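Student: Pasting input07.cif below, which is mmCIF, C-alpha atoms.
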```cif
data_my_file
loop_
_atom_site.label_atom_id
_atom_site.label_comp_id
_atom_site.auth_asym_id
_atom_site.auth_seq_id
_atom_site.Cartn_x
_atom_site.Cartn_y
_atom_site.Cartn_z
CA MET H 1 5.83 72.36 -68.10
CA ASN H 2 6.46 75.89 -69.33
CA LEU H 3 8.82 77.47 -66.88
CA TYR H 4 11.84 79.70 -67.38
CA ALA H 5 14.19 81.62 -65.15
CA GLU H 6 16.04 84.91 -65.51
CA ALA H 7 18.30 86.99 -63.31
CA LEU H 8 16.55 90.27 -62.47
CA GLY H 9 17.67 92.88 -59.96
CA GLY H 10 19.82 90.39 -58.04
CA ALA H 11 17.08 87.78 -57.80
CA LEU H 12 16.46 84.63 -59.79
CA VAL H 13 12.97 85.15 -61.18
CA VAL H 14 11.18 81.99 -62.26
CA HIS H 15 8.16 82.47 -64.51
CA LEU H 16 5.68 79.62 -64.41
CA GLN H 17 3.79 79.87 -67.68
CA GLU H 18 1.02 77.44 -66.90
CA GLU H 19 -2.65 78.20 -66.29
CA ARG H 20 -2.81 75.62 -63.54
CA LEU H 21 -0.45 74.37 -60.85
CA ASP H 22 -2.34 71.24 -59.83
CA ALA H 23 -2.01 67.53 -59.12
CA ALA H 24 -1.38 66.88 -62.84
CA ILE H 25 1.91 68.82 -62.88
CA ALA H 26 2.96 69.21 -59.23
CA ILE H 27 5.79 66.65 -59.35
CA ARG H 28 7.17 67.95 -62.66
CA PHE H 29 7.03 71.47 -61.25
CA LYS H 30 9.17 70.42 -58.25
CA ASP H 31 11.70 68.74 -60.56
CA ARG H 32 11.96 71.74 -62.89
CA MET H 33 12.32 74.15 -59.97
CA ARG H 34 15.18 72.05 -58.62
CA GLU H 35 16.90 72.32 -62.03
CA VAL H 36 16.51 76.07 -62.49
CA ALA H 37 17.47 76.77 -58.87
CA LEU H 38 20.96 75.47 -59.65
CA GLN H 39 21.63 79.01 -60.86
CA PRO H 40 23.10 80.85 -57.89
CA SER H 41 21.05 83.57 -56.24
CA SER H 42 20.11 84.19 -52.64
CA ARG H 43 16.57 85.13 -53.57
CA VAL H 44 14.31 83.09 -55.81
CA VAL H 45 11.08 84.81 -56.88
CA LEU H 46 8.38 82.59 -58.33
CA ASP H 47 6.17 84.56 -60.71
CA LEU H 48 2.66 83.05 -60.54
CA SER H 49 0.89 85.75 -62.57
CA ASP H 50 -0.05 83.31 -65.35
CA VAL H 51 -1.44 80.76 -62.92
CA THR H 52 -5.20 81.10 -62.43
CA PHE H 53 -5.68 77.93 -60.40
CA LEU H 54 -3.72 76.25 -57.62
CA ASP H 55 -4.82 73.15 -55.72
CA SER H 56 -3.41 71.63 -52.54
CA SER H 57 -0.95 69.50 -54.53
CA GLY H 58 0.41 72.64 -56.17
CA LEU H 59 0.58 74.39 -52.81
CA GLY H 60 2.43 71.40 -51.32
CA ALA H 61 4.89 71.51 -54.22
CA ILE H 62 5.64 75.21 -53.63
CA VAL H 63 6.22 74.51 -49.93
CA ALA H 64 8.55 71.62 -50.84
CA VAL H 65 10.57 73.91 -53.11
CA MET H 66 10.78 76.52 -50.36
CA LYS H 67 12.10 73.91 -47.94
CA SER H 68 14.65 72.59 -50.44
CA LEU H 69 16.09 76.12 -50.86
CA ALA H 70 16.20 76.96 -47.13
CA PRO H 71 18.00 78.05 -45.08
CA ALA H 72 20.54 79.66 -47.41
CA ARG H 73 18.02 80.80 -49.99
CA GLN H 74 14.53 82.22 -49.77
CA LEU H 75 11.61 81.47 -52.05
CA GLU H 76 9.33 84.46 -52.55
CA LEU H 77 6.13 84.67 -54.56
CA ALA H 78 4.83 87.31 -56.94
CA GLY H 79 1.67 87.98 -58.91
CA LEU H 80 -0.92 85.84 -57.14
CA THR H 81 -4.21 85.77 -59.07
CA PRO H 82 -7.47 85.80 -57.01
CA THR H 83 -8.13 82.05 -56.67
CA VAL H 84 -4.45 81.31 -56.00
CA GLU H 85 -4.38 84.05 -53.37
CA LYS H 86 -7.49 82.54 -51.79
CA VAL H 87 -5.84 79.13 -51.37
CA PHE H 88 -2.81 80.75 -49.68
CA ARG H 89 -5.06 82.83 -47.44
CA LEU H 90 -7.42 80.02 -46.37
CA THR H 91 -4.53 77.70 -45.49
CA ARG H 92 -2.70 80.62 -43.80
CA MET H 93 0.33 79.76 -45.90
CA ASP H 94 0.37 83.43 -46.89
CA THR H 95 2.01 83.95 -43.48
CA VAL H 96 5.13 81.93 -44.31
CA PHE H 97 5.95 83.34 -47.76
CA ARG H 98 6.97 86.81 -48.77
CA ILE H 99 4.36 87.71 -51.34
CA HIS H 100 4.82 90.59 -53.77
CA PRO H 101 2.12 92.14 -55.97
CA ASP H 102 4.24 91.49 -59.07
CA VAL H 103 7.78 90.79 -60.25
CA ALA H 104 8.58 94.51 -60.60
CA ALA H 105 7.74 95.06 -56.93
CA ALA H 106 9.77 92.01 -55.92
CA THR H 107 12.89 93.03 -57.81
CA SER H 108 12.79 96.75 -57.04
CA GLU H 109 12.76 95.94 -53.34
CA ARG H 110 16.43 95.05 -53.37
CA LEU H 111 17.31 98.45 -54.85
CA ARG H 112 15.42 100.17 -52.06
CA ASP H 113 17.15 98.01 -49.48
CA ALA H 114 20.53 98.82 -51.03
CA GLY H 115 19.79 102.54 -50.99
CA MET J 1 -9.25 78.31 -66.13
CA GLN J 2 -10.58 77.76 -69.62
CA VAL J 3 -14.10 78.83 -69.05
CA GLU J 4 -16.07 79.48 -72.16
CA ARG J 5 -17.15 83.09 -72.08
CA SER J 6 -18.90 83.15 -75.39
CA SER J 7 -19.77 86.28 -77.28
CA HIS J 8 -23.39 85.15 -77.36
CA PRO J 9 -24.26 85.11 -73.67
CA ALA J 10 -27.00 82.81 -72.50
CA PRO J 11 -30.12 84.47 -71.16
CA ARG J 12 -29.79 85.56 -67.55
CA PRO J 13 -31.01 82.81 -65.28
CA ASP J 14 -34.30 83.62 -63.67
CA PRO J 15 -33.65 83.60 -59.90
CA SER J 16 -37.18 82.45 -59.24
CA ALA J 17 -36.59 79.36 -61.38
CA PRO J 18 -33.38 77.77 -60.17
CA ASP J 19 -31.65 75.13 -62.19
CA ARG J 20 -33.61 72.18 -60.89
CA GLU J 21 -32.81 69.66 -63.57
CA GLY J 22 -29.20 69.64 -62.39
CA PHE J 23 -25.98 68.55 -64.00
CA ARG J 24 -24.49 65.07 -64.05
CA HIS J 25 -21.07 64.09 -65.28
CA SER J 26 -18.88 60.98 -65.04
CA PHE J 27 -15.17 60.85 -65.76
CA CYS J 28 -12.07 58.74 -65.35
CA ALA J 29 -10.20 59.10 -62.04
CA ASP J 30 -6.89 60.51 -63.29
CA PRO J 31 -5.38 64.02 -62.97
CA LEU J 32 -5.93 65.11 -66.58
CA SER J 33 -9.54 63.90 -66.60
CA VAL J 34 -10.03 65.85 -63.36
CA ARG J 35 -8.83 68.98 -65.16
CA ALA J 36 -11.28 68.40 -68.02
CA ALA J 37 -14.15 67.66 -65.61
CA LEU J 38 -13.49 70.88 -63.69
CA ARG J 39 -13.51 72.83 -66.96
CA THR J 40 -16.79 71.25 -68.04
CA THR J 41 -18.44 71.81 -64.66
CA LEU J 42 -17.26 75.40 -64.29
CA ALA J 43 -18.44 76.22 -67.81
CA ARG J 44 -21.85 74.84 -66.89
CA PHE J 45 -22.27 77.00 -63.80
CA ILE J 46 -20.15 80.09 -64.47
CA ARG J 47 -23.13 82.24 -65.43
CA GLN J 48 -24.94 81.42 -62.20
CA MET J 49 -22.28 82.70 -59.82
CA THR J 50 -19.66 85.37 -59.36
CA GLU J 51 -16.07 84.83 -60.48
CA GLU J 52 -14.98 84.48 -56.86
CA GLU J 53 -17.64 81.86 -56.21
CA ALA J 54 -16.55 79.99 -59.32
CA GLY J 55 -13.01 79.95 -57.92
CA THR J 56 -14.32 78.53 -54.65
CA LEU J 57 -16.31 75.85 -56.47
CA GLU J 58 -13.22 74.89 -58.45
CA ILE J 59 -11.07 74.63 -55.30
CA VAL J 60 -13.64 72.43 -53.53
CA LEU J 61 -14.27 70.11 -56.47
CA ALA J 62 -10.55 69.82 -57.28
CA GLU J 63 -9.76 68.77 -53.71
CA VAL J 64 -12.61 66.25 -53.59
CA PHE J 65 -11.63 64.77 -56.97
CA ASN J 66 -7.88 64.69 -56.21
CA ASN J 67 -8.57 62.88 -52.97
CA ILE J 68 -10.55 60.20 -54.81
CA VAL J 69 -7.86 59.85 -57.51
CA LYS J 70 -5.05 59.60 -54.98
CA HIS J 71 -6.55 57.78 -51.99
CA GLY J 72 -9.83 56.29 -53.21
CA TYR J 73 -8.29 54.65 -56.26
CA GLY J 74 -4.66 54.76 -55.09
CA ASP J 75 -3.35 56.62 -58.15
CA SER J 76 -4.21 53.58 -60.29
CA GLY J 77 -5.70 55.81 -63.00
CA LYS J 78 -8.60 53.37 -63.02
CA GLY J 79 -12.09 53.99 -61.72
CA THR J 80 -14.83 56.48 -62.29
CA ILE J 81 -15.97 59.60 -60.49
CA THR J 82 -19.54 60.81 -60.92
CA ILE J 83 -20.84 64.22 -59.91
CA ALA J 84 -24.36 65.57 -59.71
CA LEU J 85 -24.82 69.28 -59.04
CA SER J 86 -27.92 71.40 -58.87
CA ARG J 87 -28.41 75.09 -58.23
CA ASP J 88 -30.83 76.05 -55.51
CA PRO J 89 -31.68 79.51 -54.17
CA ARG J 90 -28.99 79.26 -51.47
CA GLY J 91 -26.19 77.78 -53.53
CA LEU J 92 -25.13 74.57 -55.14
CA SER J 93 -25.99 71.08 -53.92
CA CYS J 94 -23.23 68.64 -54.79
CA LEU J 95 -23.00 64.86 -54.78
CA VAL J 96 -19.72 63.13 -55.67
CA SER J 97 -19.61 59.35 -55.88
CA ASP J 98 -16.94 56.76 -56.60
CA GLU J 99 -16.19 53.09 -56.10
CA GLY J 100 -12.79 53.45 -54.46
CA ILE J 101 -11.86 52.48 -50.93
CA ALA J 102 -13.85 53.91 -48.02
CA LEU J 103 -13.10 57.38 -46.70
CA PRO J 104 -11.48 57.38 -43.22
CA ASP J 105 -13.67 59.08 -40.59
CA ARG J 106 -10.95 61.53 -39.66
CA CYS J 107 -11.21 63.28 -43.06
CA LEU J 108 -14.61 64.65 -42.12
CA SER J 109 -14.14 65.39 -38.45
CA GLY J 110 -11.48 68.09 -38.61
CA ILE J 111 -10.46 67.26 -35.06
CA GLY J 112 -8.14 64.86 -33.31
CA ASP J 113 -5.50 63.48 -35.65
CA HIS J 114 -6.61 65.55 -38.63
CA PRO J 115 -6.26 69.19 -37.55
CA ARG J 116 -5.63 72.24 -39.67
CA PRO J 117 -2.07 72.15 -41.05
CA VAL J 118 0.13 74.53 -39.06
CA PRO J 119 1.82 76.97 -41.46
CA ASP J 120 5.01 77.36 -39.40
CA THR J 121 5.75 73.64 -39.69
CA LEU J 122 5.79 74.05 -43.49
CA PRO J 123 3.37 71.24 -44.24
CA GLU J 124 3.41 69.82 -47.77
CA GLY J 125 0.04 68.11 -47.46
CA GLY J 126 -3.14 67.90 -45.42
CA PHE J 127 -4.60 71.04 -46.96
CA GLY J 128 -7.21 69.31 -49.07
CA TRP J 129 -9.75 68.28 -46.45
CA PHE J 130 -9.11 71.43 -44.52
CA LEU J 131 -10.11 73.51 -47.57
CA ILE J 132 -13.17 71.37 -48.26
CA ARG J 133 -14.43 71.57 -44.67
CA ASP J 134 -13.75 75.29 -44.57
CA LEU J 135 -15.62 76.16 -47.76
CA VAL J 136 -18.71 73.92 -47.78
CA GLU J 137 -21.59 73.27 -45.44
CA ASP J 138 -23.66 70.16 -44.62
CA LEU J 139 -20.79 67.83 -45.53
CA GLN J 140 -21.96 64.22 -45.27
CA TYR J 141 -20.41 60.93 -46.27
CA SER J 142 -21.98 57.54 -46.70
CA ARG J 143 -20.99 54.22 -48.20
CA HIS J 144 -23.42 51.75 -49.76
CA ASP J 145 -22.56 48.56 -51.63
CA GLY J 146 -18.96 49.55 -52.21
CA ARG J 147 -19.91 53.01 -53.37
CA ASN J 148 -18.78 56.21 -51.65
CA GLU J 149 -21.11 59.19 -51.67
CA LEU J 150 -20.02 62.60 -50.51
CA VAL J 151 -22.76 65.21 -50.29
CA PHE J 152 -22.25 68.88 -49.51
CA HIS J 153 -23.66 72.31 -50.16
CA LEU J 154 -21.69 75.26 -51.45
CA PRO J 155 -23.30 78.50 -50.27
CA LEU J 156 -23.64 81.16 -52.98
CA ALA J 157 -25.10 84.63 -53.12
CA PRO J 158 -28.67 84.72 -54.42
CA LEU J 159 -28.70 84.58 -58.20
CA ALA J 160 -30.11 88.07 -58.56
CA LEU J 161 -27.01 89.56 -56.94
CA ALA J 162 -24.54 87.88 -59.27
CA PRO J 163 -23.01 90.43 -61.68
#
```
The structure in this file should be written as structure tokens.

Tutor:
Amino acid sequence: MNLYAEALGGALVVHLQEERLDAAIAIRFKDRMREVALQPSSRVVLDLSDVTFLDSSGLGAIVAVMKSLAPARQLELAGLTPTVEKVFRLTRMDTVFRIHPDVAAATSERLRDAG
Amino acid sequence: MQVERSSHPAPRPDPSAPDREGFRHSFCADPLSVRAALRTTLARFIRQMTEEEAGTLEIVLAEVFNNIVKHGYGDSGKGTITIALSRDPRGLSCLVSDEGIALPDRCLSGIGDHPRPVPDTLPEGGFGWFLIRDLVEDLQYSRHDGRNELVFHLPLAPLALAP
């Protein structure tokens, strides 16, 4: 599981460096997210730009992480590739996440809000 | 998706001569074998469909396979999944078979106790069959002599229109 987190623009940005978030790694992904989320930050942005494929197990894992952070902290998503975006759209789960085009857009948002 | 896009492209498929001989593949019912089977299958058909269609095929097959691994064989890591796919002018005809437990009727109906997951309730599961039913047509299930057979058709643009 290649995943690392960094503090960027007031958010904890988690980069998932895997081509696939599927049934083979969904449980490990949840465990690793729980570990990295120990770093304090009100916003957690999951960068999915390296992920070209997501199945329903991966989607369920992302929802589980979102629920484990709520209500104090929000999980947002960035960099959805076409097939990943399709899974979110077809399941309508795109309506419950804040989805940013990329990490830069996600982290610059706070500066705009502050200004 | 590790699809082989070789530097020596295969000849363009002739739309008037669809891939009638088909493709058959058997693999072990565990998550890593599912990954490998998806890669093999996508590589076989990638030149006969658009990238978006390939993504749809991968979603559908992944959900069907994962369901068999998890529920059909109960995550035992034992058992075999066999697929047979063939390109026709309207899309891809798919048959997936296994020897796991029988598929409950509700998986195919999409009504009653197996509705679309409601996003606001933050569901962590139940997406798989919803995606399958949403993306394929002519979905049919049968069981003979302890063998499950799921048949469906994935609609695709005519071959001539694929880039």

Student: Could the residues of chain H within 7 Å of chain J, counting all atoms listed in the file, be given as a PyMOL selection string, please?

Tutor: chain H and resi 19+23-24+52-53+55-56+60-61+63-64+83+91-93+96

Student: For a quick check of understanding, using all atoms listed in the file, which of H:Lys30, H:Arg20, H:Lys86, H:Arg73 has the smallest distance to H:Val51?

Tutor: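 Closest to H:Val51, using all atoms listed in the file: H:Arg20.
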
Student: Find the residues around stretch 138-148 of chain J up to 7 Å (all atoms listed in the file counted), leave out those fewer than 4 positions away in its own chain, and share them as a list in words.

Tutor: Ser97, Asp98, Glu99, Ala102, Phe152 and His153 of chain J

Student: Tell me which residues the PyMOL selection byres ((chain H and resi 11-13) around 10) grabs here, as a count of residues only.

Tutor: 30

Student: Can you work out the spacing between atom CA of J:Leu154 and atom CA of J:Phe27 in Å, to one decimal?

Tutor: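 According to the coordinates, atom CA of J:Leu154 and atom CA of J:Phe27 are separated by 21.3 Å.
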
Student: Enclose all atoms of stretch 60-69 of chain H listed in the file in an axis-aligned box, grow every side by 3 Å, and hand back centre and edge lengths in Å to one decimal, as JSON.

Tutor:
```
{"center_x": 9.3, "center_y": 74.0, "center_z": -51.1, "size_x": 19.7, "size_y": 11.1, "size_z": 12.3}
```

Student: Using all atoms listed in the file, find the one residue out of J:Phe65, J:Val136, J:Leu156, J:Thr50 that sits nearest to J:Ala37.

Tutor: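 The closest residue to J:Ala37 is J:Phe65.
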
Student: Just how far from atom CA of H:Val65 is atom CA of J:Ile68, in Å to one decimal?

Tutor: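 Between atom CA of J:Ile68 and atom CA of H:Val65 the gap is 25.2 Å.
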
Student: For H:Pro82, which residue among H:Thr95, H:Ser57, H:Ser49, H:Gln17 is the nearest when counting all atoms listed in the file?

Tutor: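 Of all the options, H:Ser49 lies closest to H:Pro82.
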
Student: Quick one: residues within 8 Å of J:Tyr73, only C-alpha atoms, excluding same-chain residues fewer than 6 positions away - as number ranges by chain?

Tutor: J: 29, 79, 100-101

Student: For atom CA of J:Pro158 and atom CA of J:Arg90, determine how far apart the two atoms are, in Å to one decimal place.

Tutor: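 Pair atom CA of J:Pro158 / atom CA of J:Arg90 returns 6.2 Å.
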
Student: May I ask which of the residues J:Ser86, J:Gly77, J:Val96, J:Arg133 is the closest one to J:Ser109, counting all atoms listed in the file?

Tutor: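 Once distances to J:Ser109 are computed over all atoms listed in the file, the minimum belongs to J:Arg133.
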
Student: Is it possible to dump stretch 36-87 of chain H as a PDB file, in the first residue's frame, including just C-alpha atoms?

Tutor:
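Result written to out_17.pdb:
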```
ATOM      1  CA  VAL H  36      -2.304   8.819   8.733  1.00  0.00           C
ATOM      2  CA  ALA H  37      -5.463  10.598   9.895  1.00  0.00           C
ATOM      3  CA  LEU H  38      -3.998  10.689  13.401  1.00  0.00           C
ATOM      4  CA  GLN H  39      -2.252  13.850  12.222  1.00  0.00           C
ATOM      5  CA  PRO H  40      -4.523  16.717  13.217  1.00  0.00           C
ATOM      6  CA  SER H  41      -6.302  18.664  10.494  1.00  0.00           C
ATOM      7  CA  SER H  42      -9.922  19.598  10.018  1.00  0.00           C
ATOM      8  CA  ARG H  43      -9.799  18.798   6.323  1.00  0.00           C
ATOM      9  CA  VAL H  44      -8.446  15.597   4.848  1.00  0.00           C
ATOM     10  CA  VAL H  45      -8.015  15.594   1.059  1.00  0.00           C
ATOM     11  CA  LEU H  46      -7.556  12.214  -0.591  1.00  0.00           C
ATOM     12  CA  ASP H  47      -5.583  12.560  -3.815  1.00  0.00           C
ATOM     13  CA  LEU H  48      -6.788   9.839  -6.208  1.00  0.00           C
ATOM     14  CA  SER H  49      -4.961  11.087  -9.306  1.00  0.00           C
ATOM     15  CA  ASP H  50      -2.808   7.941  -9.539  1.00  0.00           C
ATOM     16  CA  VAL H  51      -5.793   5.634  -9.217  1.00  0.00           C
ATOM     17  CA  THR H  52      -7.149   4.521 -12.588  1.00  0.00           C
ATOM     18  CA  PHE H  53      -9.601   1.941 -11.263  1.00  0.00           C
ATOM     19  CA  LEU H  54     -11.981   1.829  -8.310  1.00  0.00           C
ATOM     20  CA  ASP H  55     -14.453  -0.964  -7.580  1.00  0.00           C
ATOM     21  CA  SER H  56     -17.341  -1.068  -5.120  1.00  0.00           C
ATOM     22  CA  SER H  57     -15.065  -2.393  -2.359  1.00  0.00           C
ATOM     23  CA  GLY H  58     -12.782   0.601  -2.833  1.00  0.00           C
ATOM     24  CA  LEU H  59     -15.757   2.940  -2.877  1.00  0.00           C
ATOM     25  CA  GLY H  60     -17.084   1.352   0.335  1.00  0.00           C
ATOM     26  CA  ALA H  61     -13.672   1.824   1.950  1.00  0.00           C
ATOM     27  CA  ILE H  62     -13.618   5.544   1.069  1.00  0.00           C
ATOM     28  CA  VAL H  63     -17.118   5.950   2.536  1.00  0.00           C
ATOM     29  CA  ALA H  64     -16.005   4.123   5.702  1.00  0.00           C
ATOM     30  CA  VAL H  65     -13.048   6.493   6.076  1.00  0.00           C
ATOM     31  CA  MET H  66     -15.331   9.490   5.589  1.00  0.00           C
ATOM     32  CA  LYS H  67     -17.644   8.217   8.322  1.00  0.00           C
ATOM     33  CA  SER H  68     -14.765   7.540  10.715  1.00  0.00           C
ATOM     34  CA  LEU H  69     -13.585  11.179  10.353  1.00  0.00           C
ATOM     35  CA  ALA H  70     -17.046  12.760  10.721  1.00  0.00           C
ATOM     36  CA  PRO H  71     -18.439  14.901  12.173  1.00  0.00           C
ATOM     37  CA  ALA H  72     -15.381  16.861  13.293  1.00  0.00           C
ATOM     38  CA  ARG H  73     -13.389  16.304  10.125  1.00  0.00           C
ATOM     39  CA  GLN H  74     -14.298  16.205   6.471  1.00  0.00           C
ATOM     40  CA  LEU H  75     -12.916  13.864   3.830  1.00  0.00           C
ATOM     41  CA  GLU H  76     -12.648  15.496   0.419  1.00  0.00           C
ATOM     42  CA  LEU H  77     -11.489  13.955  -2.833  1.00  0.00           C
ATOM     43  CA  ALA H  78      -9.212  15.271  -5.555  1.00  0.00           C
ATOM     44  CA  GLY H  79      -8.019  14.166  -8.981  1.00  0.00           C
ATOM     45  CA  LEU H  80     -10.615  11.592 -10.008  1.00  0.00           C
ATOM     46  CA  THR H  81      -9.592   9.786 -13.201  1.00  0.00           C
ATOM     47  CA  PRO H  82     -12.369   8.934 -15.728  1.00  0.00           C
ATOM     48  CA  THR H  83     -13.307   5.411 -14.600  1.00  0.00           C
ATOM     49  CA  VAL H  84     -13.121   6.381 -10.915  1.00  0.00           C
ATOM     50  CA  GLU H  85     -15.308   9.412 -11.609  1.00  0.00           C
ATOM     51  CA  LYS H  86     -17.778   7.149 -13.404  1.00  0.00           C
ATOM     52  CA  VAL H  87     -18.180   4.868 -10.369  1.00  0.00           C
TER      53      VAL H  87
END
```
